[in-house]
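Colleague: My structure is in start.cif, and what it holds is mmCIF, N, CA and C atoms and all ligand atoms:
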```
data_model
#
loop_
_atom_site.label_atom_id
_atom_site.label_comp_id
_atom_site.auth_asym_id
_atom_site.auth_seq_id
_atom_site.Cartn_x
_atom_site.Cartn_y
_atom_site.Cartn_z
N MET A 1 22.75 42.45 64.96
CA MET A 1 22.64 41.19 64.21
C MET A 1 21.65 41.38 63.07
N SER A 2 22.03 40.94 61.88
CA SER A 2 21.11 41.12 60.76
C SER A 2 19.93 40.17 60.88
N ARG A 3 18.83 40.57 60.28
CA ARG A 3 17.59 39.81 60.40
C ARG A 3 17.69 38.44 59.73
N ILE A 4 18.38 38.37 58.60
CA ILE A 4 18.55 37.09 57.89
C ILE A 4 19.36 36.13 58.77
N LYS A 5 20.40 36.67 59.42
CA LYS A 5 21.26 35.84 60.26
C LYS A 5 20.47 35.27 61.43
N SER A 6 19.65 36.11 62.07
CA SER A 6 18.88 35.60 63.21
C SER A 6 17.78 34.65 62.76
N LEU A 7 17.30 34.81 61.52
CA LEU A 7 16.32 33.84 60.99
C LEU A 7 16.96 32.45 60.92
N PHE A 8 18.18 32.37 60.37
CA PHE A 8 18.81 31.06 60.22
C PHE A 8 19.41 30.54 61.53
N GLN A 9 19.49 31.40 62.55
CA GLN A 9 19.90 30.92 63.88
C GLN A 9 18.67 30.58 64.71
N PHE A 10 17.50 30.60 64.08
CA PHE A 10 16.22 30.26 64.71
C PHE A 10 15.95 31.12 65.94
N LYS A 11 16.14 32.43 65.82
CA LYS A 11 15.88 33.35 66.92
C LYS A 11 14.49 33.95 66.77
N CYS A 12 13.91 34.37 67.88
CA CYS A 12 12.57 34.97 67.91
C CYS A 12 12.49 36.15 66.94
N PRO A 13 11.41 36.25 66.12
CA PRO A 13 11.32 37.34 65.14
C PRO A 13 11.12 38.71 65.79
N LYS A 14 10.70 38.75 67.03
CA LYS A 14 10.43 40.03 67.68
C LYS A 14 11.67 40.60 68.37
N CYS A 15 12.34 39.80 69.20
CA CYS A 15 13.50 40.33 69.94
C CYS A 15 14.82 39.87 69.32
N GLU A 16 14.77 38.91 68.40
CA GLU A 16 15.95 38.35 67.73
C GLU A 16 16.98 37.80 68.70
N SER A 17 16.54 37.41 69.89
CA SER A 17 17.46 36.80 70.87
C SER A 17 16.92 35.50 71.44
N GLY A 18 15.60 35.44 71.65
CA GLY A 18 15.00 34.23 72.23
C GLY A 18 15.02 33.08 71.23
N ASN A 19 15.05 31.85 71.75
CA ASN A 19 15.10 30.67 70.89
C ASN A 19 13.70 30.23 70.49
N VAL A 20 13.54 29.85 69.20
CA VAL A 20 12.25 29.36 68.71
C VAL A 20 12.15 27.85 68.92
N PHE A 21 13.24 27.13 68.68
CA PHE A 21 13.23 25.67 68.82
C PHE A 21 14.06 25.26 70.02
N SER A 22 13.66 24.14 70.64
CA SER A 22 14.39 23.67 71.82
C SER A 22 15.79 23.18 71.44
N GLU A 23 15.93 22.65 70.21
CA GLU A 23 17.25 22.22 69.75
C GLU A 23 17.69 23.10 68.59
N LYS A 24 18.99 23.43 68.56
CA LYS A 24 19.48 24.30 67.50
C LYS A 24 19.98 23.51 66.29
N LYS A 25 20.03 22.18 66.41
CA LYS A 25 20.59 21.37 65.33
C LYS A 25 19.72 21.46 64.07
N TYR A 26 20.38 21.49 62.91
CA TYR A 26 19.66 21.59 61.65
C TYR A 26 19.04 20.25 61.27
N LEU A 27 19.66 19.14 61.71
CA LEU A 27 19.22 17.84 61.21
C LEU A 27 18.22 17.13 62.12
N SER A 28 17.67 17.83 63.12
CA SER A 28 16.62 17.20 63.92
C SER A 28 15.41 18.13 63.96
N PHE A 29 14.22 17.51 64.05
CA PHE A 29 13.01 18.31 64.06
C PHE A 29 12.93 19.16 65.33
N GLY A 30 13.24 18.58 66.47
CA GLY A 30 13.21 19.31 67.73
C GLY A 30 11.80 19.75 68.08
N LYS A 31 11.66 20.38 69.21
CA LYS A 31 10.35 20.84 69.65
C LYS A 31 10.33 22.36 69.52
N MET A 32 9.22 22.88 68.99
CA MET A 32 9.10 24.32 68.85
C MET A 32 8.54 24.90 70.14
N ASN A 33 9.18 25.94 70.66
CA ASN A 33 8.66 26.60 71.86
C ASN A 33 7.41 27.39 71.49
N SER A 34 6.46 27.54 72.43
CA SER A 34 5.24 28.29 72.11
C SER A 34 5.47 29.79 72.21
N ASN A 35 6.35 30.20 73.13
CA ASN A 35 6.63 31.62 73.31
C ASN A 35 8.14 31.85 73.35
N SER A 36 8.56 33.08 73.06
CA SER A 36 9.96 33.45 73.18
C SER A 36 10.34 33.42 74.65
N ASN A 37 11.50 32.84 74.96
CA ASN A 37 11.91 32.77 76.37
C ASN A 37 12.41 34.11 76.89
N LEU A 38 12.57 35.10 76.02
CA LEU A 38 13.05 36.40 76.49
C LEU A 38 11.96 37.49 76.46
N CYS A 39 11.24 37.61 75.34
CA CYS A 39 10.24 38.68 75.25
C CYS A 39 8.81 38.15 75.38
N ASN A 40 8.65 36.83 75.50
CA ASN A 40 7.35 36.17 75.65
C ASN A 40 6.44 36.34 74.42
N HIS A 41 7.01 36.65 73.26
CA HIS A 41 6.23 36.76 72.02
C HIS A 41 5.67 35.39 71.67
N LYS A 42 4.34 35.33 71.39
CA LYS A 42 3.70 34.07 71.03
C LYS A 42 3.96 33.80 69.55
N PHE A 43 4.62 32.68 69.24
CA PHE A 43 5.02 32.39 67.87
C PHE A 43 3.82 32.08 66.97
N GLU A 44 2.88 31.26 67.46
CA GLU A 44 1.68 30.95 66.68
C GLU A 44 0.66 32.06 66.97
N MET A 45 0.71 33.12 66.16
CA MET A 45 -0.04 34.34 66.47
C MET A 45 -1.55 34.13 66.45
N GLU A 46 -2.02 33.20 65.62
CA GLU A 46 -3.44 32.87 65.56
C GLU A 46 -3.56 31.39 65.25
N PRO A 47 -4.72 30.75 65.52
CA PRO A 47 -4.84 29.32 65.22
C PRO A 47 -4.61 29.06 63.72
N GLY A 48 -3.80 28.07 63.41
CA GLY A 48 -3.53 27.72 62.02
C GLY A 48 -2.54 28.65 61.34
N PHE A 49 -1.84 29.45 62.11
CA PHE A 49 -0.89 30.41 61.54
C PHE A 49 0.15 29.72 60.66
N PHE A 50 0.61 28.55 61.11
CA PHE A 50 1.71 27.90 60.40
C PHE A 50 1.27 27.12 59.16
N PHE A 51 -0.04 27.11 58.85
CA PHE A 51 -0.46 26.49 57.58
C PHE A 51 0.19 27.23 56.42
N GLY A 52 0.37 28.51 56.57
CA GLY A 52 0.97 29.32 55.51
C GLY A 52 2.42 28.97 55.25
N ALA A 53 3.10 28.42 56.28
CA ALA A 53 4.50 28.03 56.12
C ALA A 53 4.63 26.91 55.09
N MET A 54 3.50 26.24 54.82
CA MET A 54 3.45 25.18 53.81
C MET A 54 3.86 25.73 52.44
N TYR A 55 3.45 26.96 52.12
CA TYR A 55 3.80 27.56 50.83
C TYR A 55 5.30 27.80 50.74
N VAL A 56 5.89 28.27 51.83
CA VAL A 56 7.34 28.49 51.87
C VAL A 56 8.05 27.16 51.72
N SER A 57 7.55 26.14 52.43
CA SER A 57 8.13 24.80 52.39
C SER A 57 8.10 24.24 50.96
N TYR A 58 6.97 24.44 50.29
CA TYR A 58 6.84 23.97 48.90
C TYR A 58 7.87 24.66 48.00
N GLY A 59 8.01 25.96 48.17
CA GLY A 59 8.99 26.71 47.38
C GLY A 59 10.41 26.23 47.61
N LEU A 60 10.76 26.01 48.88
CA LEU A 60 12.10 25.52 49.21
C LEU A 60 12.35 24.14 48.60
N THR A 61 11.35 23.27 48.74
CA THR A 61 11.48 21.92 48.22
C THR A 61 11.68 21.92 46.71
N MET A 62 10.90 22.75 46.00
CA MET A 62 11.02 22.81 44.54
C MET A 62 12.34 23.43 44.12
N ALA A 63 12.85 24.39 44.91
CA ALA A 63 14.15 25.00 44.60
C ALA A 63 15.26 23.96 44.73
N ILE A 64 15.20 23.14 45.79
CA ILE A 64 16.20 22.09 45.99
C ILE A 64 16.10 21.04 44.89
N ALA A 65 14.86 20.64 44.55
CA ALA A 65 14.67 19.63 43.50
C ALA A 65 15.20 20.16 42.16
N GLY A 66 14.90 21.41 41.84
CA GLY A 66 15.36 22.01 40.59
C GLY A 66 16.87 22.10 40.54
N ALA A 67 17.48 22.51 41.67
CA ALA A 67 18.93 22.63 41.73
C ALA A 67 19.58 21.27 41.56
N LEU A 68 19.03 20.24 42.20
CA LEU A 68 19.57 18.89 42.07
C LEU A 68 19.46 18.38 40.64
N PHE A 69 18.34 18.67 40.00
CA PHE A 69 18.13 18.22 38.62
C PHE A 69 19.17 18.87 37.69
N VAL A 70 19.32 20.18 37.82
CA VAL A 70 20.27 20.90 36.96
C VAL A 70 21.70 20.44 37.23
N LEU A 71 22.05 20.30 38.52
CA LEU A 71 23.40 19.84 38.88
C LEU A 71 23.70 18.46 38.33
N SER A 72 22.73 17.55 38.46
CA SER A 72 22.97 16.18 37.98
C SER A 72 23.10 16.16 36.46
N GLN A 73 22.40 17.05 35.77
CA GLN A 73 22.51 17.14 34.31
C GLN A 73 23.87 17.69 33.90
N LEU A 74 24.40 18.63 34.70
CA LEU A 74 25.68 19.25 34.38
C LEU A 74 26.85 18.33 34.71
N LEU A 75 26.75 17.60 35.84
CA LEU A 75 27.88 16.81 36.32
C LEU A 75 28.00 15.45 35.65
N PHE A 76 26.89 14.82 35.32
CA PHE A 76 26.94 13.47 34.75
C PHE A 76 26.34 13.49 33.35
N GLU A 77 27.05 12.86 32.40
CA GLU A 77 26.57 12.90 31.02
C GLU A 77 25.40 11.98 30.77
N ASP A 78 25.58 10.67 31.04
CA ASP A 78 24.43 9.79 30.83
C ASP A 78 23.95 9.25 32.18
N ILE A 79 22.96 9.94 32.71
CA ILE A 79 22.38 9.56 33.99
C ILE A 79 20.89 9.34 33.73
N SER A 80 20.35 8.25 34.29
CA SER A 80 18.95 7.94 34.00
C SER A 80 18.02 8.85 34.80
N ILE A 81 16.85 9.10 34.20
CA ILE A 81 15.88 9.99 34.85
C ILE A 81 15.38 9.38 36.15
N SER A 82 15.31 8.03 36.22
CA SER A 82 14.84 7.39 37.45
C SER A 82 15.86 7.57 38.58
N PHE A 83 17.16 7.61 38.23
CA PHE A 83 18.17 7.86 39.26
C PHE A 83 18.04 9.29 39.79
N ILE A 84 17.83 10.24 38.88
CA ILE A 84 17.66 11.64 39.30
C ILE A 84 16.44 11.78 40.19
N LEU A 85 15.33 11.13 39.80
CA LEU A 85 14.10 11.21 40.60
C LEU A 85 14.31 10.58 41.98
N GLY A 86 15.08 9.48 42.02
CA GLY A 86 15.41 8.85 43.31
C GLY A 86 16.23 9.76 44.18
N LEU A 87 17.19 10.44 43.54
CA LEU A 87 18.05 11.39 44.26
C LEU A 87 17.22 12.54 44.82
N ILE A 88 16.28 13.03 44.02
CA ILE A 88 15.41 14.13 44.47
C ILE A 88 14.51 13.66 45.62
N ALA A 89 13.96 12.43 45.50
CA ALA A 89 13.12 11.88 46.57
C ALA A 89 13.92 11.74 47.87
N LEU A 90 15.18 11.31 47.76
CA LEU A 90 16.05 11.18 48.92
C LEU A 90 16.31 12.56 49.55
N SER A 91 16.47 13.57 48.70
CA SER A 91 16.73 14.91 49.22
C SER A 91 15.52 15.44 49.99
N PHE A 92 14.29 15.03 49.57
CA PHE A 92 13.09 15.46 50.31
C PHE A 92 13.17 14.97 51.74
N ILE A 93 13.63 13.71 51.92
CA ILE A 93 13.71 13.13 53.26
C ILE A 93 14.84 13.79 54.05
N LEU A 94 16.00 13.95 53.39
CA LEU A 94 17.16 14.51 54.09
C LEU A 94 16.94 15.96 54.50
N PHE A 95 16.26 16.73 53.66
CA PHE A 95 16.07 18.15 53.94
C PHE A 95 14.79 18.44 54.72
N ALA A 96 14.01 17.41 55.06
CA ALA A 96 12.73 17.64 55.75
C ALA A 96 12.87 18.42 57.07
N PRO A 97 13.82 18.07 57.96
CA PRO A 97 13.90 18.82 59.22
C PRO A 97 14.27 20.29 59.01
N ILE A 98 15.26 20.56 58.17
CA ILE A 98 15.69 21.95 57.95
C ILE A 98 14.62 22.72 57.19
N ASN A 99 13.93 22.02 56.28
CA ASN A 99 12.85 22.65 55.53
C ASN A 99 11.71 23.05 56.47
N TYR A 100 11.37 22.16 57.38
CA TYR A 100 10.33 22.42 58.38
C TYR A 100 10.66 23.66 59.21
N LYS A 101 11.91 23.71 59.68
CA LYS A 101 12.31 24.83 60.54
C LYS A 101 12.42 26.13 59.77
N VAL A 102 13.10 26.11 58.63
CA VAL A 102 13.33 27.34 57.87
C VAL A 102 12.01 27.92 57.34
N SER A 103 11.09 27.04 56.89
CA SER A 103 9.83 27.57 56.36
C SER A 103 8.99 28.23 57.45
N ARG A 104 9.00 27.66 58.65
CA ARG A 104 8.28 28.31 59.76
C ARG A 104 8.94 29.63 60.15
N MET A 105 10.27 29.64 60.14
CA MET A 105 10.99 30.86 60.48
C MET A 105 10.70 31.98 59.47
N VAL A 106 10.75 31.63 58.17
CA VAL A 106 10.48 32.62 57.11
C VAL A 106 9.07 33.16 57.27
N TRP A 107 8.11 32.27 57.52
CA TRP A 107 6.71 32.68 57.68
C TRP A 107 6.54 33.64 58.87
N MET A 108 7.20 33.33 59.98
CA MET A 108 7.11 34.21 61.16
C MET A 108 7.77 35.56 60.90
N TYR A 109 8.93 35.52 60.23
CA TYR A 109 9.65 36.77 59.97
C TYR A 109 8.91 37.66 58.98
N LEU A 110 8.07 37.06 58.11
CA LEU A 110 7.28 37.86 57.16
C LEU A 110 6.23 38.67 57.90
N PHE A 111 5.70 38.13 59.00
CA PHE A 111 4.55 38.74 59.65
C PHE A 111 4.85 39.36 61.01
N THR A 112 6.10 39.43 61.40
CA THR A 112 6.43 40.00 62.70
C THR A 112 7.47 41.11 62.56
N GLN A 113 7.17 42.25 63.14
CA GLN A 113 8.10 43.37 63.14
C GLN A 113 9.04 43.25 64.33
N LYS A 114 10.27 43.66 64.16
CA LYS A 114 11.21 43.65 65.27
C LYS A 114 10.92 44.82 66.19
N THR A 115 10.89 44.57 67.48
CA THR A 115 10.75 45.64 68.45
C THR A 115 11.93 45.58 69.40
N VAL A 116 12.50 46.71 69.69
CA VAL A 116 13.68 46.75 70.55
C VAL A 116 13.27 47.11 71.97
ZN ZN B 201 11.50 37.28 71.61
#
```
When written as structure tokens, how does the structure in this file appear?
Ligand SMILES: [Zn+2]
Modeller:
Amino acid sequence: MSRIKSLFQFKCPKCESGNVFSEKKYLSFGKMNSNSNLCNHKFEMEPGFFFGAMYVSYGLTMAIAGALFVLSQLLFEDISISFILGLIALSFILFAPINYKVSRMVWMYLFTQKTV
């Protein structure tokens, strides 16, 4: 299984088989497990480890906002800036659960080597 694929399936960064979140759904926050249920890898490697995921989250959010802005400019000729800003604000709420999960996953995968 490729590493990118297991990242988006929310699998443990060490064994790529254990589940990181109790729920696999993209649209719910769910509860994050503290350890991998298969290899017992501790996800929060040190206190405050996931503060760094905030940077990934910010990048993802800005990428989505930028994409929405460009798309709305391309698809609609006369669209007000306040409508676009409202659309972007709505996307922040809609993408919050997936953004939360993906940013933590990316942060863990950056700092954990796979061991077989
Ligand atoms: Zn594991």
Colleague: Give as a ChimeraX atom specification every residue, naming chains and numbers as the document does, that has an atom within 12 Å of (17.7, 18.7, 41.8), counting only C-alpha atoms.
Modeller: /A:60-75,81,83-92
Colleague: Considering only N, CA and C atoms and all ligand atoms, can you say which of A:Cys39, A:Phe21, A:Phe10, A:Lys31 comes closest to ligand ZN 201 (chain B)?
Modeller: A:Cys39
Colleague: From the set A:Ala53, A:Met105, A:Leu94, A:Cys15, which residue has the shortest atom-to-atom contact distance to Leu38 in chain A, counting only N, CA and C atoms?
Modeller: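 So, comparing all the options, the nearest one is A:Cys15.
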Colleague: When you draw a straight line from atom N of Ser2 in chain A to CA of Gly52 in chain A, how long is it in Å?
Modeller: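 If I compute the distance from atom N of Ser2 in chain A to CA of Gly52 in chain A, I get 24.9 Å.
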Colleague: List all protein, DNA and RNA residues that have any atom at most 7 Å from ligand ZN 201 (chain B), counting only N, CA and C atoms and all ligand atoms, and write the list as a ChimeraX atom specification.
Modeller: /A:11-19,35-41
Colleague: Could you add the missing atoms to range 74-85 of chain A, up to all heavy atoms, and return them as a PDB file, in the frame of the given file?
Modeller:
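Writing the result to result.pdb gives the following:
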```
ATOM      1  N   LEU A  74      24.400  18.630  34.700  1.00  0.00           N
ATOM      2  CA  LEU A  74      25.680  19.250  34.380  1.00  0.00           C
ATOM      3  C   LEU A  74      26.850  18.330  34.710  1.00  0.00           C
ATOM      4  O   LEU A  74      27.849  18.290  33.999  1.00  0.00           O
ATOM      5  CB  LEU A  74      25.832  20.573  35.128  1.00  0.00           C
ATOM      6  CG  LEU A  74      24.937  21.729  34.677  1.00  0.00           C
ATOM      7  CD1 LEU A  74      25.105  22.923  35.606  1.00  0.00           C
ATOM      8  CD2 LEU A  74      25.265  22.140  33.246  1.00  0.00           C
ATOM      9  N   LEU A  75      26.750  17.600  35.840  1.00  0.00           N
ATOM     10  CA  LEU A  75      27.880  16.810  36.320  1.00  0.00           C
ATOM     11  C   LEU A  75      28.000  15.450  35.650  1.00  0.00           C
ATOM     12  O   LEU A  75      29.108  14.956  35.464  1.00  0.00           O
ATOM     13  CB  LEU A  75      27.797  16.651  37.843  1.00  0.00           C
ATOM     14  CG  LEU A  75      27.946  17.940  38.649  1.00  0.00           C
ATOM     15  CD1 LEU A  75      27.755  17.663  40.136  1.00  0.00           C
ATOM     16  CD2 LEU A  75      29.319  18.565  38.419  1.00  0.00           C
ATOM     17  N   PHE A  76      26.890  14.820  35.320  1.00  0.00           N
ATOM     18  CA  PHE A  76      26.940  13.470  34.750  1.00  0.00           C
ATOM     19  C   PHE A  76      26.340  13.490  33.350  1.00  0.00           C
ATOM     20  O   PHE A  76      25.258  14.027  33.144  1.00  0.00           O
ATOM     21  CB  PHE A  76      26.165  12.487  35.633  1.00  0.00           C
ATOM     22  CG  PHE A  76      26.579  12.534  37.078  1.00  0.00           C
ATOM     23  CD1 PHE A  76      25.776  13.181  38.017  1.00  0.00           C
ATOM     24  CD2 PHE A  76      27.766  11.963  37.498  1.00  0.00           C
ATOM     25  CE1 PHE A  76      26.161  13.239  39.352  1.00  0.00           C
ATOM     26  CE2 PHE A  76      28.144  12.020  38.830  1.00  0.00           C
ATOM     27  CZ  PHE A  76      27.341  12.662  39.753  1.00  0.00           C
ATOM     28  N   GLU A  77      27.050  12.860  32.400  1.00  0.00           N
ATOM     29  CA  GLU A  77      26.570  12.900  31.020  1.00  0.00           C
ATOM     30  C   GLU A  77      25.400  11.980  30.770  1.00  0.00           C
ATOM     31  O   GLU A  77      24.346  12.398  30.321  1.00  0.00           O
ATOM     32  CB  GLU A  77      27.722  12.589  30.063  1.00  0.00           C
ATOM     33  CG  GLU A  77      28.604  13.795  29.841  1.00  0.00           C
ATOM     34  CD  GLU A  77      29.712  13.522  28.853  1.00  0.00           C
ATOM     35  OE1 GLU A  77      29.663  12.486  28.155  1.00  0.00           O
ATOM     36  OE2 GLU A  77      30.638  14.341  28.784  1.00  0.00           O
ATOM     37  N   ASP A  78      25.580  10.670  31.040  1.00  0.00           N
ATOM     38  CA  ASP A  78      24.430   9.790  30.830  1.00  0.00           C
ATOM     39  C   ASP A  78      23.950   9.250  32.180  1.00  0.00           C
ATOM     40  O   ASP A  78      24.466   8.282  32.688  1.00  0.00           O
ATOM     41  CB  ASP A  78      24.731   8.650  29.852  1.00  0.00           C
ATOM     42  CG  ASP A  78      26.161   8.177  29.956  1.00  0.00           C
ATOM     43  OD1 ASP A  78      26.453   7.345  30.832  1.00  0.00           O
ATOM     44  OD2 ASP A  78      26.984   8.680  29.173  1.00  0.00           O
ATOM     45  N   ILE A  79      22.960   9.940  32.710  1.00  0.00           N
ATOM     46  CA  ILE A  79      22.380   9.560  33.990  1.00  0.00           C
ATOM     47  C   ILE A  79      20.890   9.340  33.730  1.00  0.00           C
ATOM     48  O   ILE A  79      20.268  10.102  32.993  1.00  0.00           O
ATOM     49  CB  ILE A  79      22.658  10.653  35.055  1.00  0.00           C
ATOM     50  CG1 ILE A  79      22.196  10.219  36.430  1.00  0.00           C
ATOM     51  CG2 ILE A  79      22.077  11.983  34.677  1.00  0.00           C
ATOM     52  CD1 ILE A  79      22.694  11.140  37.538  1.00  0.00           C
ATOM     53  N   SER A  80      20.350   8.250  34.290  1.00  0.00           N
ATOM     54  CA  SER A  80      18.950   7.940  34.000  1.00  0.00           C
ATOM     55  C   SER A  80      18.020   8.850  34.800  1.00  0.00           C
ATOM     56  O   SER A  80      18.360   9.307  35.888  1.00  0.00           O
ATOM     57  CB  SER A  80      18.643   6.474  34.337  1.00  0.00           C
ATOM     58  OG  SER A  80      18.649   6.294  35.728  1.00  0.00           O
ATOM     59  N   ILE A  81      16.850   9.100  34.200  1.00  0.00           N
ATOM     60  CA  ILE A  81      15.880   9.990  34.850  1.00  0.00           C
ATOM     61  C   ILE A  81      15.380   9.380  36.150  1.00  0.00           C
ATOM     62  O   ILE A  81      15.121  10.094  37.116  1.00  0.00           O
ATOM     63  CB  ILE A  81      14.718  10.346  33.873  1.00  0.00           C
ATOM     64  CG1 ILE A  81      13.817  11.441  34.452  1.00  0.00           C
ATOM     65  CG2 ILE A  81      13.886   9.127  33.525  1.00  0.00           C
ATOM     66  CD1 ILE A  81      14.438  12.811  34.470  1.00  0.00           C
ATOM     67  N   SER A  82      15.310   8.030  36.220  1.00  0.00           N
ATOM     68  CA  SER A  82      14.840   7.390  37.450  1.00  0.00           C
ATOM     69  C   SER A  82      15.860   7.570  38.580  1.00  0.00           C
ATOM     70  O   SER A  82      15.488   7.711  39.743  1.00  0.00           O
ATOM     71  CB  SER A  82      14.529   5.911  37.221  1.00  0.00           C
ATOM     72  OG  SER A  82      15.631   5.276  36.630  1.00  0.00           O
ATOM     73  N   PHE A  83      17.160   7.610  38.230  1.00  0.00           N
ATOM     74  CA  PHE A  83      18.170   7.860  39.260  1.00  0.00           C
ATOM     75  C   PHE A  83      18.040   9.290  39.790  1.00  0.00           C
ATOM     76  O   PHE A  83      18.125   9.519  40.993  1.00  0.00           O
ATOM     77  CB  PHE A  83      19.581   7.631  38.687  1.00  0.00           C
ATOM     78  CG  PHE A  83      20.671   7.812  39.709  1.00  0.00           C
ATOM     79  CD1 PHE A  83      20.984   6.803  40.609  1.00  0.00           C
ATOM     80  CD2 PHE A  83      21.370   9.022  39.782  1.00  0.00           C
ATOM     81  CE1 PHE A  83      21.972   6.980  41.562  1.00  0.00           C
ATOM     82  CE2 PHE A  83      22.361   9.203  40.734  1.00  0.00           C
ATOM     83  CZ  PHE A  83      22.671   8.176  41.628  1.00  0.00           C
ATOM     84  N   ILE A  84      17.830  10.240  38.880  1.00  0.00           N
ATOM     85  CA  ILE A  84      17.660  11.640  39.300  1.00  0.00           C
ATOM     86  C   ILE A  84      16.440  11.780  40.190  1.00  0.00           C
ATOM     87  O   ILE A  84      16.485  12.438  41.236  1.00  0.00           O
ATOM     88  CB  ILE A  84      17.546  12.559  38.066  1.00  0.00           C
ATOM     89  CG1 ILE A  84      18.844  12.525  37.255  1.00  0.00           C
ATOM     90  CG2 ILE A  84      17.242  13.989  38.487  1.00  0.00           C
ATOM     91  CD1 ILE A  84      18.762  13.259  35.939  1.00  0.00           C
ATOM     92  N   LEU A  85      15.330  11.130  39.800  1.00  0.00           N
ATOM     93  CA  LEU A  85      14.100  11.210  40.600  1.00  0.00           C
ATOM     94  C   LEU A  85      14.310  10.580  41.980  1.00  0.00           C
ATOM     95  O   LEU A  85      13.805  11.090  42.988  1.00  0.00           O
ATOM     96  CB  LEU A  85      12.930  10.558  39.867  1.00  0.00           C
ATOM     97  CG  LEU A  85      12.440  11.311  38.630  1.00  0.00           C
ATOM     98  CD1 LEU A  85      11.333  10.539  37.933  1.00  0.00           C
ATOM     99  CD2 LEU A  85      11.970  12.713  38.979  1.00  0.00           C
TER     100      LEU A  85
END
```
